[in-house]
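A.B. asks: input_29.txt is reproduced in full below (compact mmCIF, C-alpha atoms and all ligand atoms).
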```
# COMPACT_ATOMS: atom_id res chain seq x y z
CA MET A 1 88.91 100.14 42.67
CA THR A 2 86.49 99.82 45.51
CA LEU A 3 87.60 98.63 48.85
CA LEU A 4 85.48 95.87 50.14
CA ALA A 5 84.88 95.57 53.82
CA VAL A 6 86.39 92.44 55.18
CA GLU A 7 83.55 90.09 55.71
CA GLU A 8 83.35 88.90 59.28
CA LYS A 9 82.79 85.22 59.45
CA PRO A 10 80.48 84.06 62.19
CA GLU A 11 82.58 82.43 64.89
CA ASP A 12 82.52 78.71 65.14
CA MET A 13 80.67 78.06 68.38
CA SER A 14 81.08 74.31 68.35
CA ASP A 15 84.39 74.22 70.21
CA ARG A 16 83.37 76.68 72.92
CA THR A 17 83.72 75.04 76.27
CA ALA A 18 81.14 75.52 78.97
CA GLY A 19 81.76 78.37 81.40
CA VAL A 20 84.00 78.18 84.42
CA GLU A 21 82.42 76.33 87.34
CA LEU A 22 84.82 77.39 90.08
CA SER A 23 86.97 80.52 90.44
CA VAL A 24 89.80 80.20 92.95
CA VAL A 25 90.76 83.65 94.20
CA ILE A 26 94.30 83.87 95.57
CA PRO A 27 95.43 87.13 97.21
CA THR A 28 99.18 87.58 96.97
CA PHE A 29 101.81 89.83 98.39
CA LYS A 30 105.39 88.71 97.83
CA GLU A 31 104.54 85.10 96.96
CA ARG A 32 106.58 84.66 93.77
CA GLY A 33 108.08 81.36 94.91
CA ASN A 34 104.67 79.77 95.56
CA VAL A 35 102.75 80.60 92.40
CA ALA A 36 103.85 77.78 90.06
CA GLU A 37 103.56 75.11 92.73
CA LEU A 38 100.06 76.23 93.74
CA ILE A 39 98.82 76.16 90.14
CA LYS A 40 100.32 72.70 89.69
CA ARG A 41 98.50 71.47 92.78
CA LEU A 42 95.18 73.06 91.73
CA GLU A 43 95.48 71.34 88.36
CA ARG A 44 96.06 68.00 90.04
CA THR A 45 93.19 68.24 92.50
CA LEU A 46 90.59 69.94 90.28
CA ASN A 47 91.05 67.65 87.28
CA THR A 48 87.31 67.04 86.86
CA VAL A 49 86.21 70.65 87.41
CA ALA A 50 86.18 73.65 85.03
CA TRP A 51 88.25 75.98 87.19
CA GLU A 52 90.19 79.20 86.93
CA ALA A 53 92.70 80.85 89.25
CA ILE A 54 92.47 84.60 89.87
CA PHE A 55 95.58 85.94 91.55
CA VAL A 56 95.07 89.37 93.09
CA ASP A 57 98.47 90.91 93.61
CA ASP A 58 99.12 94.24 95.32
CA ASN A 59 102.08 95.08 93.10
CA SER A 60 104.50 92.86 95.04
CA PRO A 61 108.09 94.09 94.72
CA ASP A 62 109.32 90.51 94.19
CA GLY A 63 107.53 90.29 90.82
CA THR A 64 104.72 87.92 91.86
CA ALA A 65 102.46 89.41 89.17
CA ASP A 66 105.07 88.69 86.47
CA ALA A 67 105.38 85.10 87.65
CA VAL A 68 101.58 84.68 87.38
CA LYS A 69 101.40 86.38 83.98
CA ALA A 70 104.21 84.22 82.60
CA ILE A 71 102.06 81.17 83.35
CA ALA A 72 98.83 82.90 82.26
CA ALA A 73 100.44 83.57 78.85
CA HIS A 74 100.04 79.90 77.96
CA ASP A 75 97.34 78.82 80.43
CA PRO A 76 93.98 80.57 79.95
CA ARG A 77 92.74 79.23 83.29
CA VAL A 78 95.11 81.58 85.10
CA ARG A 79 94.83 85.35 85.35
CA CYS A 80 96.29 88.13 87.40
CA LEU A 81 94.58 91.20 88.78
CA ARG A 82 97.40 93.58 89.60
CA ARG A 83 96.41 96.40 91.95
CA VAL A 84 98.71 99.39 92.16
CA GLY A 85 98.84 101.97 94.93
CA ARG A 86 96.71 99.83 97.22
CA ARG A 87 97.30 97.25 99.91
CA GLY A 88 94.99 95.05 101.91
CA LEU A 89 94.02 91.43 102.05
CA ALA A 90 90.25 91.78 102.47
CA GLY A 91 89.99 94.33 99.65
CA ALA A 92 92.06 92.11 97.36
CA CYS A 93 89.80 89.11 98.08
CA ILE A 94 86.63 91.13 97.47
CA GLU A 95 87.88 92.51 94.14
CA GLY A 96 89.04 89.09 92.98
CA MET A 97 85.71 87.50 93.91
CA LEU A 98 83.72 90.25 92.22
CA SER A 99 85.69 89.75 89.01
CA SER A 100 84.44 86.17 88.74
CA SER A 101 81.43 85.07 86.75
CA ALA A 102 81.54 81.45 87.88
CA PRO A 103 78.71 80.12 90.06
CA TYR A 104 81.17 79.11 92.81
CA ILE A 105 84.12 81.05 94.22
CA ALA A 106 86.87 79.86 96.56
CA VAL A 107 89.38 82.03 98.42
CA MET A 108 92.69 80.59 99.58
CA ASP A 109 96.18 81.75 100.55
CA ALA A 110 99.06 81.45 98.11
CA ASP A 111 101.58 80.08 100.60
CA LEU A 112 100.25 76.49 100.41
CA GLN A 113 99.13 76.50 104.05
CA HIS A 114 95.60 75.81 102.85
CA ASP A 115 95.20 72.23 101.73
CA GLU A 116 93.87 72.44 98.18
CA ARG A 117 92.85 68.76 98.27
CA ILE A 118 89.64 69.61 100.15
CA LEU A 119 88.39 71.92 97.35
CA PRO A 120 86.43 69.16 95.53
CA GLU A 121 84.60 68.23 98.74
CA MET A 122 83.81 71.87 99.46
CA LEU A 123 82.47 72.25 95.93
CA ALA A 124 80.31 69.13 96.27
CA LYS A 125 78.76 70.57 99.44
CA LEU A 126 77.79 73.76 97.62
CA GLN A 127 76.57 71.86 94.56
CA SER A 128 74.23 69.84 96.78
CA GLY A 129 72.22 73.06 97.10
CA GLN A 130 72.06 72.80 100.89
CA PHE A 131 74.67 75.47 101.64
CA ASP A 132 75.72 78.95 100.53
CA LEU A 133 79.18 78.89 102.06
CA VAL A 134 81.67 76.23 103.12
CA ALA A 135 84.31 77.39 105.60
CA ALA A 136 87.51 75.38 105.87
CA THR A 137 88.30 74.99 109.55
CA ARG A 138 91.32 74.02 111.62
CA TYR A 139 89.35 73.59 114.81
CA VAL A 140 86.96 70.67 114.38
CA GLU A 141 87.55 66.94 114.31
CA GLY A 142 89.87 66.16 111.40
CA GLY A 143 91.36 69.65 111.25
CA SER A 144 94.47 71.03 112.90
CA ALA A 145 96.55 74.18 113.21
CA GLY A 146 99.58 72.13 114.18
CA SER A 147 102.01 74.15 112.08
CA PHE A 148 101.43 77.30 114.15
CA SER A 149 104.18 78.27 116.58
CA ALA A 150 103.10 78.15 120.25
CA GLY A 151 102.74 81.95 120.40
CA ARG A 152 100.81 82.28 117.14
CA GLY A 153 98.59 79.37 118.16
CA LYS A 154 97.68 81.11 121.43
CA ILE A 155 96.86 84.40 119.67
CA SER A 156 94.73 82.59 117.12
CA ARG A 157 92.78 80.67 119.78
CA LEU A 158 92.26 83.81 121.88
CA ALA A 159 91.01 85.80 118.88
CA THR A 160 88.73 82.90 117.95
CA SER A 161 87.06 82.65 121.35
CA LEU A 162 86.79 86.46 121.62
CA THR A 163 85.07 86.59 118.26
CA GLN A 164 82.73 83.73 119.04
CA ARG A 165 81.70 85.35 122.29
CA ILE A 166 81.32 88.91 121.04
CA LEU A 167 79.74 88.23 117.68
CA GLY A 168 77.98 85.02 118.55
CA THR A 169 79.14 83.41 115.31
CA SER A 170 78.82 79.67 115.04
CA LEU A 171 81.96 79.38 112.89
CA SER A 172 84.48 77.18 114.67
CA ASP A 173 87.36 78.95 112.90
CA PRO A 174 86.22 82.50 112.05
CA MET A 175 89.86 83.53 111.47
CA SER A 176 90.23 81.13 108.57
CA GLY A 177 90.98 82.71 105.21
CA PHE A 178 90.00 79.56 103.32
CA PHE A 179 86.40 79.17 102.13
CA MET A 180 84.13 78.66 99.14
CA MET A 181 80.78 80.26 98.45
CA ARG A 182 78.02 80.68 95.90
CA ARG A 183 78.51 83.76 93.76
CA ASP A 184 74.86 84.82 94.05
CA ALA A 185 75.23 84.81 97.86
CA LEU A 186 78.30 87.05 97.54
CA ASP A 187 76.56 89.44 95.13
CA ALA A 188 73.78 89.95 97.67
CA ILE A 189 76.13 91.17 100.42
CA ALA A 190 79.04 92.66 98.43
CA ALA A 191 78.11 96.28 99.17
CA ARG A 192 78.21 95.64 102.91
CA LEU A 193 81.73 94.17 103.04
CA SER A 194 84.68 96.12 104.39
CA PRO A 195 87.84 96.25 102.25
CA ALA A 196 89.92 97.07 105.33
CA GLY A 197 91.23 94.17 107.37
CA PHE A 198 92.54 90.65 107.13
CA LYS A 199 89.49 88.62 108.11
CA ILE A 200 87.26 88.45 105.11
CA LEU A 201 85.46 85.22 106.08
CA LEU A 202 84.33 86.70 109.40
CA ASP A 203 83.08 89.79 107.62
CA ILE A 204 81.13 87.73 105.07
CA ALA A 205 79.65 85.37 107.65
CA THR A 206 78.40 88.23 109.83
CA ALA A 207 77.26 90.44 106.92
CA GLY A 208 75.15 87.63 105.53
CA LYS A 209 73.18 86.57 108.57
CA ALA A 210 70.97 84.19 106.60
CA LEU A 211 73.84 82.32 104.93
CA ARG A 212 73.64 78.54 105.24
CA ILE A 213 77.15 77.61 106.33
CA ALA A 214 78.90 74.24 106.35
CA GLU A 215 82.40 73.51 107.63
CA GLN A 216 85.17 71.39 106.19
CA PRO A 217 88.10 70.36 108.37
CA PHE A 218 91.66 70.62 107.10
CA VAL A 219 95.17 70.41 108.43
CA PHE A 220 96.92 73.77 108.34
CA ARG A 221 100.36 73.31 106.78
CA SER A 222 103.53 75.32 107.17
CA ARG A 223 104.18 78.18 104.80
CA HIS A 224 105.90 76.87 101.64
CA GLU A 225 108.13 79.83 100.66
CA GLY A 226 108.33 83.52 101.47
CA GLU A 227 107.52 85.23 104.72
CA SER A 228 104.41 85.84 106.83
CA LYS A 229 102.60 89.19 106.74
CA PHE A 230 101.03 88.65 110.14
CA ASN A 231 101.89 91.52 112.51
CA ILE A 232 100.55 93.74 115.30
CA GLN A 233 98.84 95.97 112.75
CA ILE A 234 96.70 93.05 111.64
CA GLY A 235 95.79 92.43 115.29
CA VAL A 236 94.61 96.03 115.71
CA GLU A 237 92.76 95.86 112.42
CA PHE A 238 90.94 92.81 113.69
CA LEU A 239 89.84 94.68 116.84
CA GLY A 240 88.54 97.40 114.51
CA LEU A 241 86.45 94.84 112.64
CA LEU A 242 85.03 93.51 115.94
CA LEU A 243 84.14 97.07 116.98
CA ALA A 244 82.47 97.70 113.63
CA LYS A 245 80.42 94.52 113.96
CA LEU A 246 79.52 95.27 117.57
CA THR A 247 78.20 98.73 116.70
CA ASN A 248 76.36 97.38 113.67
CA GLY A 249 78.58 99.27 111.28
CA LEU A 250 78.27 102.62 113.10
CA VAL A 251 82.01 102.64 113.81
CA GLU A 252 84.15 101.82 110.78
CA PRO A 253 86.99 99.29 111.21
CA ARG A 254 89.63 101.84 110.30
CA PHE A 255 88.42 104.33 112.94
CA ILE A 256 90.30 102.35 115.59
CA PHE A 257 93.59 103.31 113.91
CA PHE A 258 92.52 106.94 113.65
CA ALA A 259 91.76 106.97 117.39
CA ILE A 260 95.10 105.35 118.30
CA VAL A 261 96.97 107.80 116.06
CA GLY A 262 95.08 110.67 117.72
CA ALA A 263 96.12 109.41 121.17
CA ILE A 264 99.75 109.25 120.02
CA GLY A 265 99.32 112.81 118.67
CA ILE A 266 98.30 114.03 122.14
CA ALA A 267 101.42 112.41 123.62
CA VAL A 268 103.61 114.02 120.92
CA ASN A 269 101.95 117.38 121.54
CA LEU A 270 102.65 117.27 125.29
CA ALA A 271 106.18 115.91 124.90
CA VAL A 272 107.19 118.61 122.40
CA LEU A 273 105.55 121.29 124.55
CA ASN A 274 107.53 120.08 127.52
CA ILE A 275 110.82 120.03 125.59
CA ALA A 276 110.16 123.44 124.00
CA MET A 277 109.45 125.01 127.39
CA LEU A 278 112.59 123.50 128.90
CA VAL A 279 115.03 124.06 126.04
CA TRP A 280 114.08 127.44 124.59
CA PRO A 281 113.06 130.44 126.60
CA VAL A 282 110.01 131.00 124.38
CA SER A 283 106.54 132.17 125.32
CA PHE A 284 103.87 129.57 125.95
CA PRO A 285 101.83 130.34 122.79
CA ILE A 286 104.92 129.83 120.59
CA ALA A 287 105.91 126.61 122.35
CA LYS A 288 102.32 125.36 122.06
CA SER A 289 102.18 126.23 118.35
CA VAL A 290 105.37 124.26 117.70
CA ALA A 291 103.99 121.32 119.71
CA THR A 292 100.70 121.38 117.80
CA PHE A 293 102.56 121.48 114.48
CA PHE A 294 104.61 118.41 115.44
CA ALA A 295 101.45 116.62 116.54
CA MET A 296 99.78 117.41 113.20
CA VAL A 297 102.80 116.06 111.31
CA SER A 298 102.84 112.93 113.45
CA ASN A 299 99.09 112.42 113.02
CA PHE A 300 99.29 112.91 109.26
CA VAL A 301 102.27 110.61 108.74
CA LEU A 302 100.85 107.86 110.95
CA ASN A 303 97.41 108.07 109.38
CA ASN A 304 98.98 107.97 105.94
CA SER A 305 100.97 104.85 106.74
CA LEU A 306 98.51 103.06 109.05
CA THR A 307 94.88 104.20 108.99
CA TYR A 308 94.77 104.79 105.25
CA ARG A 309 97.74 102.68 104.15
CA ASP A 310 95.61 101.13 101.42
CA ARG A 311 95.26 104.63 99.93
CA ARG A 312 98.67 106.02 100.87
CA LEU A 313 99.47 109.50 99.50
CA LYS A 314 102.88 110.06 97.95
CA GLY A 315 104.97 112.99 96.63
CA TRP A 316 102.94 116.13 95.88
CA GLY A 317 99.74 114.37 96.82
CA MET A 318 101.17 113.93 100.29
CA LEU A 319 102.00 117.64 100.62
CA LYS A 320 98.57 118.68 99.36
CA GLY A 321 97.00 116.14 101.70
CA PHE A 322 98.93 117.54 104.65
CA VAL A 323 97.75 121.11 103.98
CA GLY A 324 94.14 119.89 103.73
CA PHE A 325 94.57 117.81 106.87
CA CYS A 326 95.77 120.91 108.80
CA LEU A 327 92.92 123.07 107.47
CA PHE A 328 90.28 120.52 108.39
CA GLY A 329 92.10 120.05 111.72
CA ALA A 330 91.75 123.78 112.41
CA VAL A 331 88.01 123.65 111.74
CA GLY A 332 87.87 120.53 113.94
CA ALA A 333 89.53 122.44 116.76
CA LEU A 334 86.97 125.25 116.39
CA THR A 335 84.15 122.69 116.51
CA ASP A 336 85.70 121.22 119.63
CA VAL A 337 86.07 124.58 121.40
CA GLY A 338 82.68 125.84 120.22
CA LEU A 339 80.71 122.80 121.38
CA ALA A 340 82.62 122.54 124.67
CA SER A 341 82.05 126.23 125.46
CA GLN A 342 78.35 125.94 124.73
CA LEU A 343 77.94 122.87 126.92
CA TYR A 344 80.01 124.40 129.68
CA ALA A 345 77.84 127.53 129.66
CA GLY A 346 74.76 125.31 130.08
CA HIS A 347 75.95 122.76 132.67
CA GLU A 348 79.31 123.85 134.02
CA VAL A 349 80.71 120.34 134.31
CA TRP A 350 84.08 121.07 132.70
CA TRP A 351 85.12 117.54 131.82
CA VAL A 352 81.80 116.54 130.26
CA ALA A 353 81.89 119.67 128.11
CA GLY A 354 85.57 119.13 127.28
CA LEU A 355 85.10 115.45 126.41
CA ALA A 356 82.02 116.07 124.26
CA GLY A 357 83.92 118.77 122.35
CA ALA A 358 86.94 116.51 121.85
CA VAL A 359 84.80 113.57 120.64
CA MET A 360 83.00 115.86 118.21
CA GLY A 361 86.35 117.21 116.97
CA VAL A 362 87.75 113.70 116.39
CA LEU A 363 84.61 112.58 114.53
CA TRP A 364 84.77 115.67 112.33
CA ASN A 365 88.47 115.10 111.56
CA TYR A 366 87.85 111.44 110.78
CA ALA A 367 84.91 112.17 108.47
CA MET A 368 86.79 114.92 106.61
CA SER A 369 89.97 112.85 106.31
CA SER A 370 88.04 109.89 104.94
CA MET A 371 86.00 111.96 102.51
CA PHE A 372 88.43 114.57 101.25
CA ILE A 373 92.04 113.67 102.07
CA TRP A 374 92.29 109.91 101.53
CA ARG A 375 88.87 109.63 99.84
CA THR A 376 87.77 106.25 101.08
CA ARG A 377 84.13 107.15 100.34
N1 LIG B 1 96.81 91.13 97.66
C1 LIG B 1 97.25 91.06 98.93
N2 LIG B 1 97.52 89.87 99.48
C2 LIG B 1 97.98 89.84 100.75
C3 LIG B 1 98.20 91.00 101.53
N3 LIG B 1 98.66 90.63 102.75
C4 LIG B 1 98.73 89.28 102.73
N4 LIG B 1 98.34 88.80 101.53
C5 LIG B 1 98.22 87.40 101.09
O1 LIG B 1 97.26 86.79 101.93
C6 LIG B 1 97.62 85.46 102.23
C7 LIG B 1 97.74 85.30 103.75
O2 LIG B 1 98.86 86.04 104.23
P1 LIG B 1 99.95 85.37 105.19
O3 LIG B 1 101.13 86.26 105.28
O4 LIG B 1 100.19 83.97 104.75
O5 LIG B 1 99.19 85.43 106.57
P2 LIG B 1 98.92 84.25 107.58
O6 LIG B 1 98.63 82.99 106.82
O7 LIG B 1 97.92 84.74 108.56
O8 LIG B 1 100.34 84.17 108.29
P3 LIG B 1 101.36 82.92 108.29
O9 LIG B 1 100.65 81.80 108.96
O10 LIG B 1 102.48 83.39 109.10
O11 LIG B 1 101.71 82.63 106.86
C8 LIG B 1 98.91 85.19 101.47
O12 LIG B 1 98.61 84.59 100.23
C9 LIG B 1 99.49 86.58 101.28
O13 LIG B 1 100.33 86.68 100.16
C10 LIG B 1 97.91 92.27 100.90
O14 LIG B 1 98.05 93.33 101.47
N5 LIG B 1 97.43 92.23 99.63
MG MG B 2 99.99 82.17 105.53
```
Turn the structure described in the file into structure tokens.

C.D. replies:
Amino acid sequence: MTLLAVEEKPEDMSDRTAGVELSVVIPTFKERGNVAELIKRLERTLNTVAWEAIFVDDNSPDGTADAVKAIAAHDPRVRCLRRVGRRGLAGACIEGMLSSSAPYIAVMDADLQHDERILPEMLAKLQSGQFDLVAATRYVEGGSAGSFSAGRGKISRLATSLTQRILGTSLSDPMSGFFMMRRDALDAIAARLSPAGFKILLDIATAGKALRIAEQPFVFRSRHEGESKFNIQIGVEFLGLLLAKLTNGLVEPRFIFFAIVGAIGIAVNLAVLNIAMLVWPVSFPIAKSVATFFAMVSNFVLNNSLTYRDRRLKGWGMLKGFVGFCLFGAVGALTDVGLASQLYAGHEVWWVAGLAGAVMGVLWNYAMSSMFIWRTR
């Protein structure tokens, strides 16, 4: 008996719907309680549009991804991109946007602070062909950030005016995380975007200088459920992004954390040296070695949990990383001493030589850490 290959029938193309017109990218971290409500609201407001929702979840411990997938199981418009071992809002938004093949892509928060009812108007502005990006703004006529606490409101306004002044952006609300853009405009600048940070709109608007931008006012609502992820770290990250933009990309946004960690390392080094000299009757070289070891541990741990938190090392990887960090650190110290000695021999201004050596050492350590320990490049 011969086995016949199962004949594949050509698929019936007649019931294929047209492609998705609008992808709504929703970054989530611990937003389980908001998922179903957001989808319900998108459905209501986008009833004449072929849309899809792409949730990008950084493995939230509250099971946000499961909540999305439970809905996605019977609603093909919904999908979940679950990222493991990584954290970061901007990176999540970029990956979600790049996974879309729709002509238009929106980004909005999951906590229902962003009023989904303005999405159709934003889409119409893009469809008119006059704009590449529509930024939803709290700070023009018709918009409001009323739900911010007094303190948060002040910080937001300060950061906004600082950004406008330093970067000269015309966006009235560069801190907004709510916008819609053409996918071809995103594709053109994708390689220049930074996955570190919280302010993806600002990054996009300044990376794509020629983008034609429109604004759409909205009233910022209070968070529906769950808690805010806004903290001091995000503030520092934002300063890093400003620095990167100011230096035209020469200084990376995450370098600001590396520099702060390094400064803390110096303080740890001196403090331990002081304690060691006072407490134990040991020789200076031994006390200094102990102090340097503590500073290396402090630098490694802080860099692992702050500077490179999106690529955090764990378990054995952490131990291996620490050994590598110390080895590169030793070469960095030699670079520092070598350059400083050479400059000192030439000019004899001790602090210029010392500073140049230290800067060189820090740059070396940063480059090696980024390339070989946490491998961001
Ligand atoms: N994937 C991912 N999403 C994140 C991360 N951090 C925050 N988010 C999401 O980004 C959106 C904005 O975060 P929020 O905590 O609401 O920040 P915010 O709106 O500035 O702060 P509040 O006004 O206090 O809510 C929310 O949908 C979060 O779930 C992250 O590290 N990864
Ligand atoms: Mg929020």

A.B. asks: Ligand LIG 1 (chain B): which residues are within 6 Å, counting all atoms listed in the file, as a list of chain:residue names?

C.D. replies: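 Written in the requested form, the residues are A:Pro27, A:Thr28, A:Phe29, A:Lys30, A:Glu31, A:Val56, A:Asp57, A:Asp58, A:Arg87, A:Gly88, A:Leu89, A:Ala92, A:Asp109, A:Ala110, A:Asp111, A:Arg223, A:Ser228, A:Lys229, A:Phe230.
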
A.B. asks: Using all atoms listed in the file for the distances, tell me which of A:Phe322, A:Phe55, A:Phe131, A:Phe220 is nearest to ligand MG 2 (chain B).

C.D. replies: A:Phe220

A.B. asks: Compile the contact shell of Ile118 of chain A as a PyMOL selection string: residues with an atom at most 12 Å away, counting all atoms listed in the file, same-chain residues fewer than 2 positions apart removed.

C.D. replies: chain A and resi 41-42+45-46+106+108+114-116+120-125+134-137+142-143+178-180+215-220

A.B. asks: With all atoms listed in the file as the counted atoms, please give the residues lying no more than 8 Å from Arg254 of chain A, apart from itself and same-chain residues fewer than 3 positions off, as an NGL selection string.

C.D. replies: :A and (196 or 237 or 240 or 257-258 or 307-308)

A.B. asks: Quick check, in Å to one decimal: how far apart do atom CA of Arg192 of chain A and atom CA of Ile234 of chain A lie?

C.D. replies: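 Rounded to one decimal, the two atoms are 20.6 Å apart.
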
A.B. asks: In terms of the shortest atom-to-atom distance over all atoms listed in the file, which of A:Ile373, A:Leu363, A:Ala345, A:Leu239 is closest to Gly332 of chain A?

C.D. replies: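 For Gly332 of chain A, the nearest of the candidates is A:Leu363.
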
A.B. asks: Measure the distance from atom CA of Ser149 of chain A to atom CA of Pro61 of chain A in Å and round it to one decimal.

C.D. replies: 27.3 Å

A.B. asks: As an exercise, work out the distance from atom CA of Ser289 of chain A to atom CA of Gly329 of chain A in Å and give it to one decimal place.

C.D. replies: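 Between these atoms lies a distance of 13.6 Å.
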